[in-house]
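What follows is one structure encoded as structure tokens, with my remarks underneath.
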2 protein chains.
Amino acid sequence: MMVNESKPFRELCRENGIAVTHQRQVLYETMKTMHGHPSPEEVYAKVKKKVPAISLATVYKNIHLFVESGVFREVSMHHGSVRVEMNREPHHHMVCSKCRKIADIGEKELGLVAKRDRLPGGFLVERYAVDVIGVCASCQKA
Amino acid sequence: MMVNESKPFRELCRENGIAVTHQRQVLYETMKTMHGHPSPEEVYAKVKKKVPAISLATVYKNIHLFVESGVFREVSMHHGSVRVEMNREPHHHMVCSKCRKIADIGEKELGLVAKRDRLPGGFLVERYAVDVIGVCASCQKA
DNA sequence: TATCAAACAATAACTTTTATCGTTTACACT
DNA sequence: AGTGTAAACGATAAAAGTTATTGTTTGATA
């Protein structure tokens with residue numbers, strides 16, 4: 001029998017105080033092999049091949065866990081619904097990773113630089129949208 | 001009788017080849033008075049006070065129209081579902097405003113600068129997430 | 001090995017968004 | 001101003017995404 005190659009995952013679970021379950025481990029290993037920016041559905045589809053009985057809810061719960069633990073990261077903060085921008089001034093956003101509130105910050109105030117209008121792969125730039133992820137003042141207190 | 005103050009909106013509609021309807025106009029005027037980053041539900045709630053019979057579907061359809069026409073802009077591109085990041089390297093994203101596909105671009109390749117770890121309002125910075133909005137190569141052809 | 005909390009599957013419920021469809025309205029053209 | 005037609009509307013069903021509930025199974029610890 002092979003030496004157990006799953007030690008890093010067991011440690012990861014211990015660090016975060018969560019149990020090492022079969023589903024969790026397969027989920028983790030599967031996700032590690034994926035590329036790009038998969039949705040929960042896509043992860044579910046792939047994991048189902050190895051654990052056909054797995055539930056979509058389990059996938060969601062564990063993706064949440066992984067993201068909260070910092071094992072994986074989510075592509076730009078998800079706000080549940082579309083949001084419309086009402087601020088006409090050039091600005092960017094500060095998004096709180098705890099409460100997900102969005103606050104504006106003026107482009108100059110943020111002080112980024114270096115805009116190109118063409119990027120590798122022939123991508124034609126319209127604009128830069130910067131989300132500064134962090135913790136807002138009120139969440140820092142709590 | 002007052003002079004019709006709605007000329008700019010009529011022009012806006014003409015430019016985009018859409019009809020000037022009562023609902024559309026109230027929606028536009030209402031949204032112009034809003035602040036922050038409202039969701040379609042929030043817009044609906046506010047517009048309903050002026051046009052109680054308006055349908056939520058109308059709100060959605062017109063928000064889409066406005067966004068497509070560039071009258072309003074949406075806060076960071078909405079991808080319908082949560083997306084998990086699989087690229088471990090420090091990088092940012094190029095998001096196509098036509099097909100909404102996300103492609104990675106290395107932090108160094110993009111060449112932004114000027115990171116602060118504290119922003120106005122006491123916001124504690126964890127990281128910068130840059131979405132470069134634009135048109136991908138394949139959408140440029142089409 | 002027995003205990004108990006945590007995790008699981010199944011599925012209902014909820015939220016957000018889109019599609020359908022019959023009716024009404026705006027606009028171009030008399 | 002009157003009329004035809006396509007666009008827009010309201011109502012609502014359906015789809016998509018996510019979360020909550022519940023009874024059962026499993027993992028961690030004694």
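Following the order of the structure tokens, first chain is A, next is B, and so on, with residues numbered from 1 inside each chain and ligands from 1 in the order they appear.
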Mind doing a quick least-squares superposition of chain A onto chain B, all C-alpha atoms paired one-to-one in order, and writing it out as a PDB file with C-alpha atoms, in the first residue's frame?
```
ATOM      1  CA  MET A   1     -47.096  74.161 -17.440  1.00  0.00           C
ATOM      2  CA  MET A   2     -43.365  73.691 -17.012  1.00  0.00           C
ATOM      3  CA  VAL A   3     -41.023  73.395 -19.904  1.00  0.00           C
ATOM      4  CA  ASN A   4     -40.273  69.760 -20.595  1.00  0.00           C
ATOM      5  CA  GLU A   5     -37.062  69.077 -18.683  1.00  0.00           C
ATOM      6  CA  SER A   6     -36.684  65.556 -20.141  1.00  0.00           C
ATOM      7  CA  LYS A   7     -34.922  66.433 -23.379  1.00  0.00           C
ATOM      8  CA  PRO A   8     -31.613  64.813 -22.435  1.00  0.00           C
ATOM      9  CA  PHE A   9     -33.393  61.509 -21.783  1.00  0.00           C
ATOM     10  CA  ARG A  10     -35.263  61.675 -25.088  1.00  0.00           C
ATOM     11  CA  GLU A  11     -31.967  62.234 -26.847  1.00  0.00           C
ATOM     12  CA  LEU A  12     -30.414  59.371 -24.928  1.00  0.00           C
ATOM     13  CA  CYS A  13     -33.203  57.111 -26.160  1.00  0.00           C
ATOM     14  CA  ARG A  14     -32.920  58.303 -29.720  1.00  0.00           C
ATOM     15  CA  GLU A  15     -29.168  57.707 -29.711  1.00  0.00           C
ATOM     16  CA  ASN A  16     -29.764  54.142 -28.602  1.00  0.00           C
ATOM     17  CA  GLY A  17     -32.784  53.501 -30.763  1.00  0.00           C
ATOM     18  CA  ILE A  18     -35.171  52.808 -27.914  1.00  0.00           C
ATOM     19  CA  ALA A  19     -38.632  54.196 -27.260  1.00  0.00           C
ATOM     20  CA  VAL A  20     -39.315  56.842 -24.646  1.00  0.00           C
ATOM     21  CA  THR A  21     -41.829  55.277 -22.311  1.00  0.00           C
ATOM     22  CA  HIS A  22     -43.189  56.541 -19.051  1.00  0.00           C
ATOM     23  CA  GLN A  23     -41.757  53.629 -17.077  1.00  0.00           C
ATOM     24  CA  ARG A  24     -38.371  54.007 -18.721  1.00  0.00           C
ATOM     25  CA  GLN A  25     -38.219  57.677 -17.959  1.00  0.00           C
ATOM     26  CA  VAL A  26     -39.263  57.354 -14.320  1.00  0.00           C
ATOM     27  CA  LEU A  27     -36.768  54.535 -13.923  1.00  0.00           C
ATOM     28  CA  TYR A  28     -34.009  56.674 -15.325  1.00  0.00           C
ATOM     29  CA  GLU A  29     -34.879  59.713 -13.236  1.00  0.00           C
ATOM     30  CA  THR A  30     -35.213  57.608 -10.102  1.00  0.00           C
ATOM     31  CA  MET A  31     -31.901  55.886 -10.611  1.00  0.00           C
ATOM     32  CA  LYS A  32     -30.190  59.212 -11.157  1.00  0.00           C
ATOM     33  CA  THR A  33     -31.198  60.230  -7.639  1.00  0.00           C
ATOM     34  CA  MET A  34     -29.840  57.082  -6.041  1.00  0.00           C
ATOM     35  CA  HIS A  35     -26.440  56.647  -4.482  1.00  0.00           C
ATOM     36  CA  GLY A  36     -24.097  53.794  -3.791  1.00  0.00           C
ATOM     37  CA  HIS A  37     -24.546  50.440  -5.520  1.00  0.00           C
ATOM     38  CA  PRO A  38     -28.223  49.509  -5.618  1.00  0.00           C
ATOM     39  CA  SER A  39     -29.496  46.115  -6.682  1.00  0.00           C
ATOM     40  CA  PRO A  40     -32.391  45.695  -9.139  1.00  0.00           C
ATOM     41  CA  GLU A  41     -34.646  44.972  -6.156  1.00  0.00           C
ATOM     42  CA  GLU A  42     -33.703  48.248  -4.526  1.00  0.00           C
ATOM     43  CA  VAL A  43     -34.324  50.163  -7.708  1.00  0.00           C
ATOM     44  CA  TYR A  44     -37.650  48.373  -8.095  1.00  0.00           C
ATOM     45  CA  ALA A  45     -38.708  49.289  -4.563  1.00  0.00           C
ATOM     46  CA  LYS A  46     -37.983  52.955  -5.177  1.00  0.00           C
ATOM     47  CA  VAL A  47     -39.566  53.159  -8.621  1.00  0.00           C
ATOM     48  CA  LYS A  48     -42.685  51.379  -7.376  1.00  0.00           C
ATOM     49  CA  LYS A  49     -43.471  54.409  -5.225  1.00  0.00           C
ATOM     50  CA  LYS A  50     -43.895  56.527  -8.332  1.00  0.00           C
ATOM     51  CA  VAL A  51     -45.284  53.875 -10.679  1.00  0.00           C
ATOM     52  CA  PRO A  52     -46.954  51.287  -8.429  1.00  0.00           C
ATOM     53  CA  ALA A  53     -47.963  49.084 -11.348  1.00  0.00           C
ATOM     54  CA  ILE A  54     -44.432  48.671 -12.698  1.00  0.00           C
ATOM     55  CA  SER A  55     -43.165  45.135 -13.082  1.00  0.00           C
ATOM     56  CA  LEU A  56     -39.892  43.827 -11.723  1.00  0.00           C
ATOM     57  CA  ALA A  57     -39.192  42.401 -15.164  1.00  0.00           C
ATOM     58  CA  THR A  58     -39.399  45.887 -16.624  1.00  0.00           C
ATOM     59  CA  VAL A  59     -36.831  47.068 -14.118  1.00  0.00           C
ATOM     60  CA  TYR A  60     -34.459  44.247 -15.043  1.00  0.00           C
ATOM     61  CA  LYS A  61     -34.908  44.749 -18.764  1.00  0.00           C
ATOM     62  CA  ASN A  62     -34.284  48.456 -18.562  1.00  0.00           C
ATOM     63  CA  ILE A  63     -31.303  48.163 -16.267  1.00  0.00           C
ATOM     64  CA  HIS A  64     -29.836  45.817 -18.885  1.00  0.00           C
ATOM     65  CA  LEU A  65     -30.632  48.325 -21.598  1.00  0.00           C
ATOM     66  CA  PHE A  66     -29.097  51.182 -19.659  1.00  0.00           C
ATOM     67  CA  VAL A  67     -25.957  49.203 -18.934  1.00  0.00           C
ATOM     68  CA  GLU A  68     -25.610  48.087 -22.560  1.00  0.00           C
ATOM     69  CA  SER A  69     -26.095  51.660 -23.737  1.00  0.00           C
ATOM     70  CA  GLY A  70     -23.510  52.927 -21.299  1.00  0.00           C
ATOM     71  CA  VAL A  71     -26.049  55.133 -19.499  1.00  0.00           C
ATOM     72  CA  PHE A  72     -25.233  53.341 -16.282  1.00  0.00           C
ATOM     73  CA  ARG A  73     -22.432  50.978 -15.438  1.00  0.00           C
ATOM     74  CA  GLU A  74     -22.449  47.849 -13.374  1.00  0.00           C
ATOM     75  CA  VAL A  75     -20.262  47.434 -10.322  1.00  0.00           C
ATOM     76  CA  SER A  76     -17.633  44.778 -11.087  1.00  0.00           C
ATOM     77  CA  MET A  77     -18.779  42.275 -13.701  1.00  0.00           C
ATOM     78  CA  HIS A  78     -21.431  39.882 -12.419  1.00  0.00           C
ATOM     79  CA  HIS A  79     -20.841  36.211 -13.228  1.00  0.00           C
ATOM     80  CA  GLY A  80     -24.136  34.656 -12.149  1.00  0.00           C
ATOM     81  CA  SER A  81     -22.478  32.329  -9.693  1.00  0.00           C
ATOM     82  CA  VAL A  82     -19.574  32.272  -7.303  1.00  0.00           C
ATOM     83  CA  ARG A  83     -16.241  31.495  -8.960  1.00  0.00           C
ATOM     84  CA  VAL A  84     -13.287  29.944  -7.232  1.00  0.00           C
ATOM     85  CA  GLU A  85      -9.769  31.002  -8.027  1.00  0.00           C
ATOM     86  CA  MET A  86      -7.454  28.162  -9.012  1.00  0.00           C
ATOM     87  CA  ASN A  87      -4.391  30.141  -9.969  1.00  0.00           C
ATOM     88  CA  ARG A  88      -2.005  30.277  -7.014  1.00  0.00           C
ATOM     89  CA  GLU A  89       0.236  32.942  -8.541  1.00  0.00           C
ATOM     90  CA  PRO A  90      -0.372  36.624  -7.778  1.00  0.00           C
ATOM     91  CA  HIS A  91      -2.448  37.805 -10.692  1.00  0.00           C
ATOM     92  CA  HIS A  92      -5.387  39.880 -11.813  1.00  0.00           C
ATOM     93  CA  HIS A  93      -8.189  39.419 -14.333  1.00  0.00           C
ATOM     94  CA  MET A  94      -9.117  40.490 -17.808  1.00  0.00           C
ATOM     95  CA  VAL A  95     -12.903  40.359 -18.090  1.00  0.00           C
ATOM     96  CA  CYS A  96     -14.548  40.588 -21.486  1.00  0.00           C
ATOM     97  CA  SER A  97     -17.522  42.931 -21.441  1.00  0.00           C
ATOM     98  CA  LYS A  98     -19.109  41.071 -24.357  1.00  0.00           C
ATOM     99  CA  CYS A  99     -18.825  37.374 -23.415  1.00  0.00           C
ATOM    100  CA  ARG A 100     -17.872  37.882 -19.749  1.00  0.00           C
ATOM    101  CA  LYS A 101     -15.035  35.374 -19.957  1.00  0.00           C
ATOM    102  CA  ILE A 102     -12.314  35.750 -17.367  1.00  0.00           C
ATOM    103  CA  ALA A 103      -8.633  35.403 -18.213  1.00  0.00           C
ATOM    104  CA  ASP A 104      -5.741  35.735 -15.813  1.00  0.00           C
ATOM    105  CA  ILE A 105      -2.895  38.166 -16.156  1.00  0.00           C
ATOM    106  CA  GLY A 106       0.176  38.036 -13.947  1.00  0.00           C
ATOM    107  CA  GLU A 107       0.624  40.820 -11.468  1.00  0.00           C
ATOM    108  CA  LYS A 108       3.971  41.757 -12.963  1.00  0.00           C
ATOM    109  CA  GLU A 109       2.671  41.516 -16.506  1.00  0.00           C
ATOM    110  CA  LEU A 110      -0.080  43.993 -15.672  1.00  0.00           C
ATOM    111  CA  GLY A 111       2.379  46.274 -13.937  1.00  0.00           C
ATOM    112  CA  LEU A 112       0.245  48.170 -11.471  1.00  0.00           C
ATOM    113  CA  VAL A 113       1.870  49.903  -8.532  1.00  0.00           C
ATOM    114  CA  ALA A 114       1.189  51.853  -5.365  1.00  0.00           C
ATOM    115  CA  LYS A 115      -0.251  49.554  -2.759  1.00  0.00           C
ATOM    116  CA  ARG A 116      -1.189  50.999   0.559  1.00  0.00           C
ATOM    117  CA  ASP A 117      -2.216  48.941   3.575  1.00  0.00           C
ATOM    118  CA  ARG A 118      -4.541  51.549   5.009  1.00  0.00           C
ATOM    119  CA  LEU A 119      -7.097  53.640   3.139  1.00  0.00           C
ATOM    120  CA  PRO A 120      -9.333  56.617   4.039  1.00  0.00           C
ATOM    121  CA  GLY A 121     -12.081  55.729   6.512  1.00  0.00           C
ATOM    122  CA  GLY A 122      -9.780  53.323   8.343  1.00  0.00           C
ATOM    123  CA  PHE A 123     -10.155  50.564   5.756  1.00  0.00           C
ATOM    124  CA  LEU A 124      -7.551  47.855   6.354  1.00  0.00           C
ATOM    125  CA  VAL A 125      -6.233  46.509   3.054  1.00  0.00           C
ATOM    126  CA  GLU A 126      -5.770  42.790   2.496  1.00  0.00           C
ATOM    127  CA  ARG A 127      -5.137  42.811  -1.228  1.00  0.00           C
ATOM    128  CA  TYR A 128      -5.841  44.522  -4.511  1.00  0.00           C
ATOM    129  CA  ALA A 129      -8.028  42.742  -7.044  1.00  0.00           C
ATOM    130  CA  VAL A 130      -7.894  44.365 -10.456  1.00  0.00           C
ATOM    131  CA  ASP A 131     -10.433  43.573 -13.144  1.00  0.00           C
ATOM    132  CA  VAL A 132      -9.375  44.951 -16.475  1.00  0.00           C
ATOM    133  CA  ILE A 133     -12.640  45.346 -18.351  1.00  0.00           C
ATOM    134  CA  GLY A 134     -12.416  45.224 -22.111  1.00  0.00           C
ATOM    135  CA  VAL A 135     -12.955  43.099 -25.187  1.00  0.00           C
ATOM    136  CA  CYS A 136     -11.196  39.765 -25.638  1.00  0.00           C
ATOM    137  CA  ALA A 137      -9.534  38.807 -28.917  1.00  0.00           C
ATOM    138  CA  SER A 138     -12.303  36.498 -30.119  1.00  0.00           C
ATOM    139  CA  CYS A 139     -15.051  39.039 -29.417  1.00  0.00           C
ATOM    140  CA  GLN A 140     -13.090  41.657 -31.336  1.00  0.00           C
ATOM    141  CA  LYS A 141     -13.233  39.516 -34.446  1.00  0.00           C
ATOM    142  CA  ALA A 142     -16.975  39.017 -34.149  1.00  0.00           C
TER     143      ALA A 142
END
```
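What chain C places within 12 Å of chain B, counting only C-alpha atoms (C1' of nucleotides), is C:DT15, C:DT16, C:DT17, C:DT18, C:DA19, C:DT20, C:DT24, C:DT25, C:DA26, C:DC27.
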Take the residues from that selection and write them out as a JSON list (two decimals), in the first residue's frame, keeping C-alpha atoms (C1' of nucleotides).
```json
[["chain", "number", "residue", "atom", "x", "y", "z"],
["C", 15, "DT", "C1'", -33.45, 34.43, -3.98],
["C", 16, "DT", "C1'", -32.17, 36.24, -8.22],
["C", 17, "DT", "C1'", -32.80, 36.38, -13.06],
["C", 18, "DT", "C1'", -34.82, 35.22, -17.46],
["C", 19, "DA", "C1'", -38.50, 33.67, -20.57],
["C", 20, "DT", "C1'", -43.25, 33.53, -22.13],
["C", 24, "DT", "C1'", -50.92, 48.04, -24.35],
["C", 25, "DT", "C1'", -48.21, 51.84, -26.11],
["C", 26, "DA", "C1'", -44.89, 54.61, -28.86],
["C", 27, "DC", "C1'", -43.66, 56.01, -33.21]]
```
DSSP on the backbone: which residues in chain B end up as strand (DSSP E or B)? Give the answer as a PDB file with N, CA and C atoms, in the first residue's frame.
```pdb
ATOM      1  N   ARG B  73     -23.513  51.962 -15.263  1.00  0.00           N
ATOM      2  CA  ARG B  73     -22.455  50.957 -15.310  1.00  0.00           C
ATOM      3  C   ARG B  73     -22.701  49.999 -14.176  1.00  0.00           C
ATOM      4  N   GLU B  74     -22.307  48.758 -14.350  1.00  0.00           N
ATOM      5  CA  GLU B  74     -22.501  47.852 -13.234  1.00  0.00           C
ATOM      6  C   GLU B  74     -21.231  47.742 -12.399  1.00  0.00           C
ATOM      7  N   VAL B  84     -14.416  30.251  -8.107  1.00  0.00           N
ATOM      8  CA  VAL B  84     -13.252  29.987  -7.266  1.00  0.00           C
ATOM      9  C   VAL B  84     -11.988  30.168  -8.092  1.00  0.00           C
ATOM     10  N   GLU B  85     -11.003  30.723  -7.460  1.00  0.00           N
ATOM     11  CA  GLU B  85      -9.735  31.028  -8.100  1.00  0.00           C
ATOM     12  C   GLU B  85      -8.806  29.823  -8.015  1.00  0.00           C
ATOM     13  N   HIS B  91      -1.952  37.429  -9.445  1.00  0.00           N
ATOM     14  CA  HIS B  91      -2.398  37.832 -10.781  1.00  0.00           C
ATOM     15  C   HIS B  91      -3.680  38.643 -10.671  1.00  0.00           C
ATOM     16  N   HIS B  92      -4.086  39.190 -11.792  1.00  0.00           N
ATOM     17  CA  HIS B  92      -5.352  39.915 -11.863  1.00  0.00           C
ATOM     18  C   HIS B  92      -6.169  39.351 -13.013  1.00  0.00           C
ATOM     19  N   HIS B  93      -7.262  40.049 -13.373  1.00  0.00           N
ATOM     20  CA  HIS B  93      -8.163  39.470 -14.369  1.00  0.00           C
ATOM     21  C   HIS B  93      -8.464  40.421 -15.522  1.00  0.00           C
ATOM     22  N   MET B  94      -8.591  39.823 -16.693  1.00  0.00           N
ATOM     23  CA  MET B  94      -9.116  40.560 -17.837  1.00  0.00           C
ATOM     24  C   MET B  94     -10.523  40.013 -18.084  1.00  0.00           C
ATOM     25  N   VAL B  95     -11.516  40.869 -17.968  1.00  0.00           N
ATOM     26  CA  VAL B  95     -12.905  40.428 -18.106  1.00  0.00           C
ATOM     27  C   VAL B  95     -13.482  41.034 -19.372  1.00  0.00           C
ATOM     28  N   CYS B  96     -14.002  40.185 -20.242  1.00  0.00           N
ATOM     29  CA  CYS B  96     -14.568  40.668 -21.503  1.00  0.00           C
ATOM     30  C   CYS B  96     -15.982  41.192 -21.259  1.00  0.00           C
ATOM     31  N   ILE B 102     -13.364  35.334 -18.253  1.00  0.00           N
ATOM     32  CA  ILE B 102     -12.303  35.841 -17.399  1.00  0.00           C
ATOM     33  C   ILE B 102     -10.992  35.198 -17.795  1.00  0.00           C
ATOM     34  N   ALA B 103      -9.977  36.016 -18.017  1.00  0.00           N
ATOM     35  CA  ALA B 103      -8.642  35.476 -18.267  1.00  0.00           C
ATOM     36  C   ALA B 103      -7.678  36.082 -17.249  1.00  0.00           C
ATOM     37  N   ASP B 104      -6.699  35.302 -16.865  1.00  0.00           N
ATOM     38  CA  ASP B 104      -5.740  35.789 -15.881  1.00  0.00           C
ATOM     39  C   ASP B 104      -4.639  36.603 -16.543  1.00  0.00           C
ATOM     40  N   ILE B 105      -4.095  37.533 -15.798  1.00  0.00           N
ATOM     41  CA  ILE B 105      -2.882  38.218 -16.230  1.00  0.00           C
ATOM     42  C   ILE B 105      -1.993  38.410 -15.008  1.00  0.00           C
ATOM     43  N   GLY B 106      -0.754  38.013 -15.152  1.00  0.00           N
ATOM     44  CA  GLY B 106       0.187  38.064 -14.033  1.00  0.00           C
ATOM     45  C   GLY B 106       0.326  39.479 -13.483  1.00  0.00           C
ATOM     46  N   ARG B 118      -3.451  50.711   4.267  1.00  0.00           N
ATOM     47  CA  ARG B 118      -4.475  51.416   5.034  1.00  0.00           C
ATOM     48  C   ARG B 118      -5.086  52.464   4.113  1.00  0.00           C
ATOM     49  N   LEU B 119      -6.408  52.557   4.085  1.00  0.00           N
ATOM     50  CA  LEU B 119      -7.041  53.531   3.197  1.00  0.00           C
ATOM     51  C   LEU B 119      -7.975  54.430   3.993  1.00  0.00           C
ATOM     52  N   PHE B 123      -9.962  51.727   6.482  1.00  0.00           N
ATOM     53  CA  PHE B 123     -10.090  50.449   5.800  1.00  0.00           C
ATOM     54  C   PHE B 123      -8.744  49.732   5.777  1.00  0.00           C
ATOM     55  N   LEU B 124      -8.745  48.511   6.296  1.00  0.00           N
ATOM     56  CA  LEU B 124      -7.508  47.725   6.376  1.00  0.00           C
ATOM     57  C   LEU B 124      -7.358  46.844   5.143  1.00  0.00           C
ATOM     58  N   VAL B 125      -6.333  47.077   4.354  1.00  0.00           N
ATOM     59  CA  VAL B 125      -6.195  46.406   3.058  1.00  0.00           C
ATOM     60  C   VAL B 125      -5.642  44.996   3.204  1.00  0.00           C
ATOM     61  N   GLU B 126      -6.305  44.047   2.558  1.00  0.00           N
ATOM     62  CA  GLU B 126      -5.754  42.692   2.469  1.00  0.00           C
ATOM     63  C   GLU B 126      -5.041  42.507   1.136  1.00  0.00           C
ATOM     64  N   ARG B 127      -5.737  42.889   0.070  1.00  0.00           N
ATOM     65  CA  ARG B 127      -5.145  42.728  -1.261  1.00  0.00           C
ATOM     66  C   ARG B 127      -5.880  43.581  -2.286  1.00  0.00           C
ATOM     67  N   TYR B 128      -5.232  43.761  -3.410  1.00  0.00           N
ATOM     68  CA  TYR B 128      -5.837  44.480  -4.517  1.00  0.00           C
ATOM     69  C   TYR B 128      -6.300  43.464  -5.556  1.00  0.00           C
ATOM     70  N   ALA B 129      -7.532  43.595  -5.990  1.00  0.00           N
ATOM     71  CA  ALA B 129      -8.035  42.724  -7.063  1.00  0.00           C
ATOM     72  C   ALA B 129      -8.418  43.600  -8.237  1.00  0.00           C
ATOM     73  N   VAL B 130      -7.638  43.513  -9.294  1.00  0.00           N
ATOM     74  CA  VAL B 130      -7.877  44.377 -10.452  1.00  0.00           C
ATOM     75  C   VAL B 130      -8.596  43.602 -11.548  1.00  0.00           C
ATOM     76  N   ASP B 131      -9.741  44.126 -11.966  1.00  0.00           N
ATOM     77  CA  ASP B 131     -10.405  43.603 -13.160  1.00  0.00           C
ATOM     78  C   ASP B 131     -10.175  44.599 -14.283  1.00  0.00           C
ATOM     79  N   VAL B 132      -9.495  44.168 -15.292  1.00  0.00           N
ATOM     80  CA  VAL B 132      -9.370  45.010 -16.474  1.00  0.00           C
ATOM     81  C   VAL B 132     -10.553  44.674 -17.372  1.00  0.00           C
ATOM     82  N   ILE B 133     -11.457  45.628 -17.509  1.00  0.00           N
ATOM     83  CA  ILE B 133     -12.631  45.408 -18.345  1.00  0.00           C
ATOM     84  C   ILE B 133     -12.294  45.813 -19.772  1.00  0.00           C
ATOM     85  N   GLY B 134     -12.721  44.989 -20.717  1.00  0.00           N
ATOM     86  CA  GLY B 134     -12.430  45.298 -22.100  1.00  0.00           C
ATOM     87  C   GLY B 134     -13.032  44.270 -23.024  1.00  0.00           C
ATOM     88  N   VAL B 135     -12.448  44.129 -24.204  1.00  0.00           N
ATOM     89  CA  VAL B 135     -12.975  43.182 -25.187  1.00  0.00           C
ATOM     90  C   VAL B 135     -11.893  42.181 -25.544  1.00  0.00           C
TER      91      VAL B 135
END
```
Review point. Which parts of chain B does DSSP call helix (DSSP H, G or I) when run on the backbone here, written out as a PyMOL selection string?
Key: chain B and resi 7-16+22-33+40-48+56-69+107-110+137-141
Practice item. Could you list the residues in chain D lying within 9 Å of chain A, using only C-alpha atoms (C1' of nucleotides), and format the result as a ChimeraX atom specification? Key: /D:18-19,26-28
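The gap separating C1' of DC14 in chain C from C1' of DC9 in chain D is 26.8 Å, in Å to one decimal.
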Review point. Expressed in Å to a single decimal, how great is the separation between C1' of DA9 in chain C and C1' of DA14 in chain D?
Key: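 The value is 25.8 Å.
Here C1' of DA16 in chain D stands at a distance of 28.4 Å from C1' of DT23 in chain C.
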